[in-house]
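File shown: data.cif (mmCIF, C-alpha atoms; chains and numbers go by the auth columns).
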data_upload
#
loop_
_atom_site.group_PDB
_atom_site.id
_atom_site.type_symbol
_atom_site.label_atom_id
_atom_site.label_comp_id
_atom_site.label_asym_id
_atom_site.label_seq_id
_atom_site.Cartn_x
_atom_site.Cartn_y
_atom_site.Cartn_z
_atom_site.B_iso_or_equiv
_atom_site.auth_seq_id
_atom_site.auth_asym_id
ATOM 1 C CA MET A 1 36.168 71.368 -45.204 0.00 1 A
ATOM 2 C CA ALA A 2 35.944 71.317 -41.546 0.00 2 A
ATOM 3 C CA SER A 3 32.822 73.374 -41.560 0.00 3 A
ATOM 4 C CA SER A 4 31.153 71.252 -44.194 0.00 4 A
ATOM 5 C CA SER A 5 31.696 68.064 -42.209 0.00 5 A
ATOM 6 C CA ARG A 6 30.258 69.773 -39.165 0.00 6 A
ATOM 7 C CA GLN A 7 27.257 70.846 -41.105 0.00 7 A
ATOM 8 C CA SER A 8 26.650 67.372 -42.434 0.00 8 A
ATOM 9 C CA LYS A 9 26.911 65.930 -38.941 0.00 9 A
ATOM 10 C CA ALA A 10 24.578 68.546 -37.539 0.00 10 A
ATOM 11 C CA SER A 11 22.068 68.034 -40.286 0.00 11 A
ATOM 12 C CA ALA A 12 22.316 64.308 -39.814 0.00 12 A
ATOM 13 C CA GLY A 13 21.578 64.695 -36.096 0.00 13 A
ATOM 14 C CA LYS A 14 18.505 66.779 -36.695 0.00 14 A
ATOM 15 C CA ASN A 15 17.111 64.822 -39.561 0.00 15 A
ATOM 16 C CA GLY A 16 18.864 61.484 -38.762 0.00 16 A
ATOM 17 C CA PRO A 17 17.634 58.175 -39.986 0.00 17 A
ATOM 18 C CA GLN A 18 14.014 57.904 -39.057 0.00 18 A
ATOM 19 C CA PRO A 19 12.716 54.495 -37.983 0.00 19 A
ATOM 20 C CA GLY A 20 10.942 53.058 -40.914 0.00 20 A
ATOM 21 C CA PRO A 21 8.206 50.502 -40.921 0.00 21 A
ATOM 22 C CA GLU A 22 10.801 47.700 -41.072 0.00 22 A
ATOM 23 C CA LEU A 23 12.478 48.783 -37.826 0.00 23 A
ATOM 24 C CA ALA A 24 9.131 49.116 -36.014 0.00 24 A
ATOM 25 C CA SER A 25 8.038 45.646 -37.130 0.00 25 A
ATOM 26 C CA ASN A 26 11.404 44.222 -36.030 0.00 26 A
ATOM 27 C CA ARG A 27 10.929 45.739 -32.567 0.00 27 A
ATOM 28 C CA SER A 28 7.428 44.325 -32.268 0.00 28 A
ATOM 29 C CA VAL A 29 8.636 40.877 -33.373 0.00 29 A
ATOM 30 C CA LEU A 30 11.458 40.998 -30.821 0.00 30 A
ATOM 31 C CA LEU A 31 9.038 42.155 -28.126 0.00 31 A
ATOM 32 C CA LEU A 32 6.608 39.391 -29.018 0.00 32 A
ATOM 33 C CA LEU A 33 9.440 36.846 -28.992 0.00 33 A
ATOM 34 C CA GLY A 34 10.601 38.093 -25.581 0.00 34 A
ATOM 35 C CA VAL A 35 7.072 37.816 -24.160 0.00 35 A
ATOM 36 C CA ALA A 36 6.754 34.294 -25.558 0.00 36 A
ATOM 37 C CA VAL A 37 10.075 33.218 -23.991 0.00 37 A
ATOM 38 C CA ALA A 38 9.043 34.762 -20.669 0.00 38 A
ATOM 39 C CA ALA A 39 5.682 32.955 -20.845 0.00 39 A
ATOM 40 C CA VAL A 40 7.439 29.627 -21.485 0.00 40 A
ATOM 41 C CA PHE A 41 9.656 30.169 -18.447 0.00 41 A
ATOM 42 C CA VAL A 42 6.682 31.132 -16.253 0.00 42 A
ATOM 43 C CA PHE A 43 4.638 28.090 -17.315 0.00 43 A
ATOM 44 C CA SER A 44 7.661 25.838 -16.825 0.00 44 A
ATOM 45 C CA TYR A 45 8.151 27.273 -13.345 0.00 45 A
ATOM 46 C CA LEU A 46 4.482 26.800 -12.467 0.00 46 A
ATOM 47 C CA ASN A 47 4.593 23.219 -13.764 0.00 47 A
ATOM 48 C CA ARG A 48 7.569 22.458 -11.545 0.00 48 A
ATOM 49 C CA ILE A 49 5.794 23.983 -8.550 0.00 49 A
ATOM 50 C CA ASN A 50 2.761 21.790 -9.308 0.00 50 A
ATOM 51 C CA ASP A 51 5.015 18.705 -9.474 0.00 51 A
ATOM 52 C CA LEU A 52 6.632 19.678 -6.182 0.00 52 A
ATOM 53 C CA ILE A 53 3.251 20.017 -4.471 0.00 53 A
ATOM 54 C CA ARG A 54 2.159 16.624 -5.824 0.00 54 A
ATOM 55 C CA VAL A 55 5.385 14.951 -4.674 0.00 55 A
ATOM 56 C CA ARG A 56 5.087 16.488 -1.214 0.00 56 A
ATOM 57 C CA GLY A 57 1.529 15.120 -0.973 0.00 57 A
ATOM 58 C CA ASN A 58 2.818 11.667 -1.946 0.00 58 A
ATOM 59 C CA VAL A 59 5.549 11.928 0.690 0.00 59 A
ATOM 60 C CA VAL A 60 2.995 12.744 3.382 0.00 60 A
ATOM 61 C CA ALA A 61 0.802 9.814 2.326 0.00 61 A
ATOM 62 C CA LEU A 62 3.761 7.434 2.268 0.00 62 A
ATOM 63 C CA GLN A 63 4.879 8.627 5.696 0.00 63 A
ATOM 64 C CA GLY A 64 1.405 7.774 7.018 0.00 64 A
ATOM 65 C CA GLU A 65 1.604 4.316 5.441 0.00 65 A
ATOM 66 C CA LEU A 66 5.085 3.843 6.894 0.00 66 A
ATOM 67 C CA ALA A 67 3.874 4.752 10.381 0.00 67 A
ATOM 68 C CA ALA A 68 0.971 2.288 10.087 0.00 68 A
ATOM 69 C CA ALA A 69 3.310 -0.437 8.806 0.00 69 A
ATOM 70 C CA GLN A 70 5.754 0.190 11.655 0.00 70 A
ATOM 71 C CA GLN A 71 2.919 -0.060 14.182 0.00 71 A
ATOM 72 C CA ARG A 72 1.693 -3.306 12.591 0.00 72 A
ATOM 73 C CA ASN A 73 5.270 -4.613 12.597 0.00 73 A
ATOM 74 C CA ALA A 74 5.583 -3.854 16.322 0.00 74 A
ATOM 75 C CA GLU A 75 2.290 -5.675 16.994 0.00 75 A
ATOM 76 C CA LEU A 76 3.426 -8.707 14.987 0.00 76 A
ATOM 77 C CA GLU A 77 6.796 -8.721 16.736 0.00 77 A
ATOM 78 C CA ALA A 78 5.052 -8.712 20.134 0.00 78 A
ATOM 79 C CA THR A 79 2.793 -11.574 19.004 0.00 79 A
ATOM 80 C CA ARG A 80 5.802 -13.506 17.694 0.00 80 A
ATOM 81 C CA ASN A 81 7.653 -13.074 20.987 0.00 81 A
ATOM 82 C CA GLU A 82 4.547 -14.292 22.793 0.00 82 A
ATOM 83 C CA VAL A 83 4.037 -17.328 20.537 0.00 83 A
ATOM 84 C CA VAL A 84 7.671 -18.447 20.404 0.00 84 A
ATOM 85 C CA GLY A 85 7.768 -19.419 24.066 0.00 85 A
ATOM 86 C CA ALA A 86 7.462 -23.059 25.097 0.00 86 A
ATOM 87 C CA ALA A 87 4.715 -22.172 27.573 0.00 87 A
ATOM 88 C CA TYR A 88 2.461 -20.913 24.760 0.00 88 A
ATOM 89 C CA VAL A 89 3.097 -23.991 22.644 0.00 89 A
ATOM 90 C CA GLY A 90 2.344 -26.307 25.571 0.00 90 A
ATOM 91 C CA GLU A 91 -0.784 -24.398 26.532 0.00 91 A
ATOM 92 C CA THR A 92 -2.063 -24.414 22.944 0.00 92 A
ATOM 93 C CA ALA A 93 -1.363 -28.145 22.574 0.00 93 A
ATOM 94 C CA ARG A 94 -3.306 -28.880 25.744 0.00 94 A
ATOM 95 C CA ALA A 95 -6.232 -26.541 25.035 0.00 95 A
ATOM 96 C CA GLU A 96 -6.778 -27.081 21.318 0.00 96 A
ATOM 97 C CA LEU A 97 -5.379 -30.556 20.661 0.00 97 A
ATOM 98 C CA GLY A 98 -6.094 -32.267 24.006 0.00 98 A
ATOM 99 C CA MET A 99 -2.455 -33.368 24.353 0.00 99 A
ATOM 100 C CA ILE A 100 -0.687 -34.069 27.632 0.00 100 A
ATOM 101 C CA GLN A 101 2.957 -33.953 28.645 0.00 101 A
ATOM 102 C CA PRO A 102 4.809 -36.713 30.429 0.00 102 A
ATOM 103 C CA GLY A 103 4.086 -36.435 34.119 0.00 103 A
ATOM 104 C CA ASP A 104 0.618 -34.941 33.640 0.00 104 A
ATOM 105 C CA ASP A 105 -2.288 -36.792 35.208 0.00 105 A
ATOM 106 C CA PRO A 106 -5.077 -36.910 32.581 0.00 106 A
ATOM 107 C CA PHE A 107 -8.600 -37.183 33.855 0.00 107 A
ATOM 108 C CA VAL A 108 -12.046 -37.348 32.299 0.00 108 A
ATOM 109 C CA ILE A 109 -15.055 -35.835 33.987 0.00 109 A
ATOM 110 C CA LEU A 110 -17.949 -38.261 33.759 0.00 110 A
ATOM 111 C CA GLY A 111 -21.541 -37.222 33.537 0.00 111 A
ATOM 112 C CA GLN A 112 -20.904 -34.145 31.408 0.00 112 A
ATOM 113 C CA GLU A 113 -20.918 -33.659 27.670 0.00 113 A
ATOM 114 C CA ALA A 114 -17.565 -34.145 26.028 0.00 114 A
ATOM 115 C CA GLN A 115 -15.657 -31.048 24.976 0.00 115 A
ATOM 116 C CA ALA A 116 -16.077 -29.984 21.393 0.00 116 A
ATOM 117 C CA GLY A 117 -13.015 -29.238 19.326 0.00 117 A
ATOM 118 C CA ILE A 118 -10.827 -32.136 20.464 0.00 118 A
ATOM 119 C CA PRO A 119 -9.843 -34.345 17.501 0.00 119 A
ATOM 120 C CA GLY A 120 -11.323 -37.800 17.614 0.00 120 A
ATOM 121 C CA ASN A 121 -13.968 -36.706 20.084 0.00 121 A
ATOM 122 C CA PRO A 122 -17.178 -38.673 19.459 0.00 122 A
ATOM 123 C CA ALA A 123 -19.244 -35.577 20.262 0.00 123 A
ATOM 124 C CA ASP A 124 -17.772 -33.885 17.181 0.00 124 A
ATOM 125 C CA LEU A 125 -18.865 -36.744 14.908 0.00 125 A
ATOM 126 C CA GLN A 126 -22.503 -36.733 16.018 0.00 126 A
ATOM 127 C CA ASP A 127 -25.112 -34.038 15.986 0.00 127 A
ATOM 128 C CA GLU A 128 -27.927 -33.620 18.535 0.00 128 A
ATOM 129 C CA GLY A 129 -29.877 -36.602 17.203 0.00 129 A
ATOM 130 C CA GLY A 130 -26.926 -38.983 17.654 0.00 130 A
ATOM 131 C CA THR A 131 -26.381 -39.518 13.913 0.00 131 A
ATOM 132 C CA ALA A 132 -23.160 -38.765 12.079 0.00 132 A
ATOM 133 C CA SER A 133 -23.085 -35.180 10.838 0.00 133 A
ATOM 134 C CA HIS A 134 -22.612 -34.368 7.167 0.00 134 A
ATOM 135 C CA SER A 135 -19.259 -32.640 7.745 0.00 135 A
ATOM 136 C CA ALA A 136 -17.928 -35.670 9.617 0.00 136 A
ATOM 137 C CA SER A 137 -18.729 -38.200 6.876 0.00 137 A
ATOM 138 C CA THR A 138 -15.309 -38.925 5.474 0.00 138 A
ATOM 139 C CA ILE A 139 -13.784 -41.807 3.551 0.00 139 A
ATOM 140 C CA PHE A 140 -12.109 -43.052 6.741 0.00 140 A
ATOM 141 C CA GLN A 141 -15.334 -44.309 8.298 0.00 141 A
ATOM 142 C CA LEU A 142 -15.953 -48.064 7.948 0.00 142 A
ATOM 143 C CA ASP A 143 -19.631 -47.543 7.201 0.00 143 A
ATOM 144 C CA TRP A 144 -18.712 -45.644 4.071 0.00 144 A
ATOM 145 C CA TRP A 145 -16.476 -48.442 2.785 0.00 145 A
ATOM 146 C CA ARG A 146 -19.061 -51.100 3.598 0.00 146 A
ATOM 147 C CA ALA A 147 -21.743 -49.124 1.752 0.00 147 A
ATOM 148 C CA LEU A 148 -19.389 -48.715 -1.206 0.00 148 A
ATOM 149 C CA PHE A 149 -18.798 -52.420 -1.598 0.00 149 A
ATOM 150 C CA GLY A 150 -22.286 -53.522 -0.516 0.00 150 A
ATOM 151 C CA LEU A 151 -21.121 -55.367 2.627 0.00 151 A
ATOM 152 C CA GLN A 152 -23.822 -54.108 4.956 0.00 152 A
#

Any chance you could put this one into structure tokens?
Amino acid sequence: MASSSRQSKASAGKNGPQPGPELASNRSVLLLLGVAVAAVFVFSYLNRINDLIRVRGNVVALQGELAAAQQRNAELEATRNEVVGAAYVGETARAELGMIQPGDDPFVILGQEAQAGIPGNPADLQDEGGTASHSASTIFQLDWWRALFGLQ
């Protein structure tokens, strides 16, 4: 009995189960499935790399915008510090509004044209021909009210 079992094992080793068409198709399906899974992982990896590159580009652009905004903020802060002072306010009131402070000696230079830009300045209300300009004709002029009610 011992020899017969050895013979059957030996014959089985020489002529063992041969891979049939089912086993070969199973291997090819498994190989195809493995390649498909590997391809999914590779495309997923490449997609993440693409997203990373895009995000890094956005970061660089936002850093540039941040630097420009910080520079603009510094400029505005310097302007604010300049404008806040009482000297600037007083100088602007004198230059643009024609105002004076108590203790100032106002004077008018005769023989020259009046300065333009001072509110209530007659030179602003008239053009070169001496007539009222179109932009200065407002409802606060008496001539307008008289013309409205026919009192001229």

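The spacing separating CA of Ala68 in chain A from CA of Ile53 in chain A amounts to 23.1 Å.
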
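Between CA of Asp104 in chain A and CA of Gly90 in chain A the separation is 11.9 Å.
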
Point to revise | Distance of CA of Arg48 in chain A from CA of Leu66 in chain A, expressed in Å to one decimal place | key: 26.3 Å
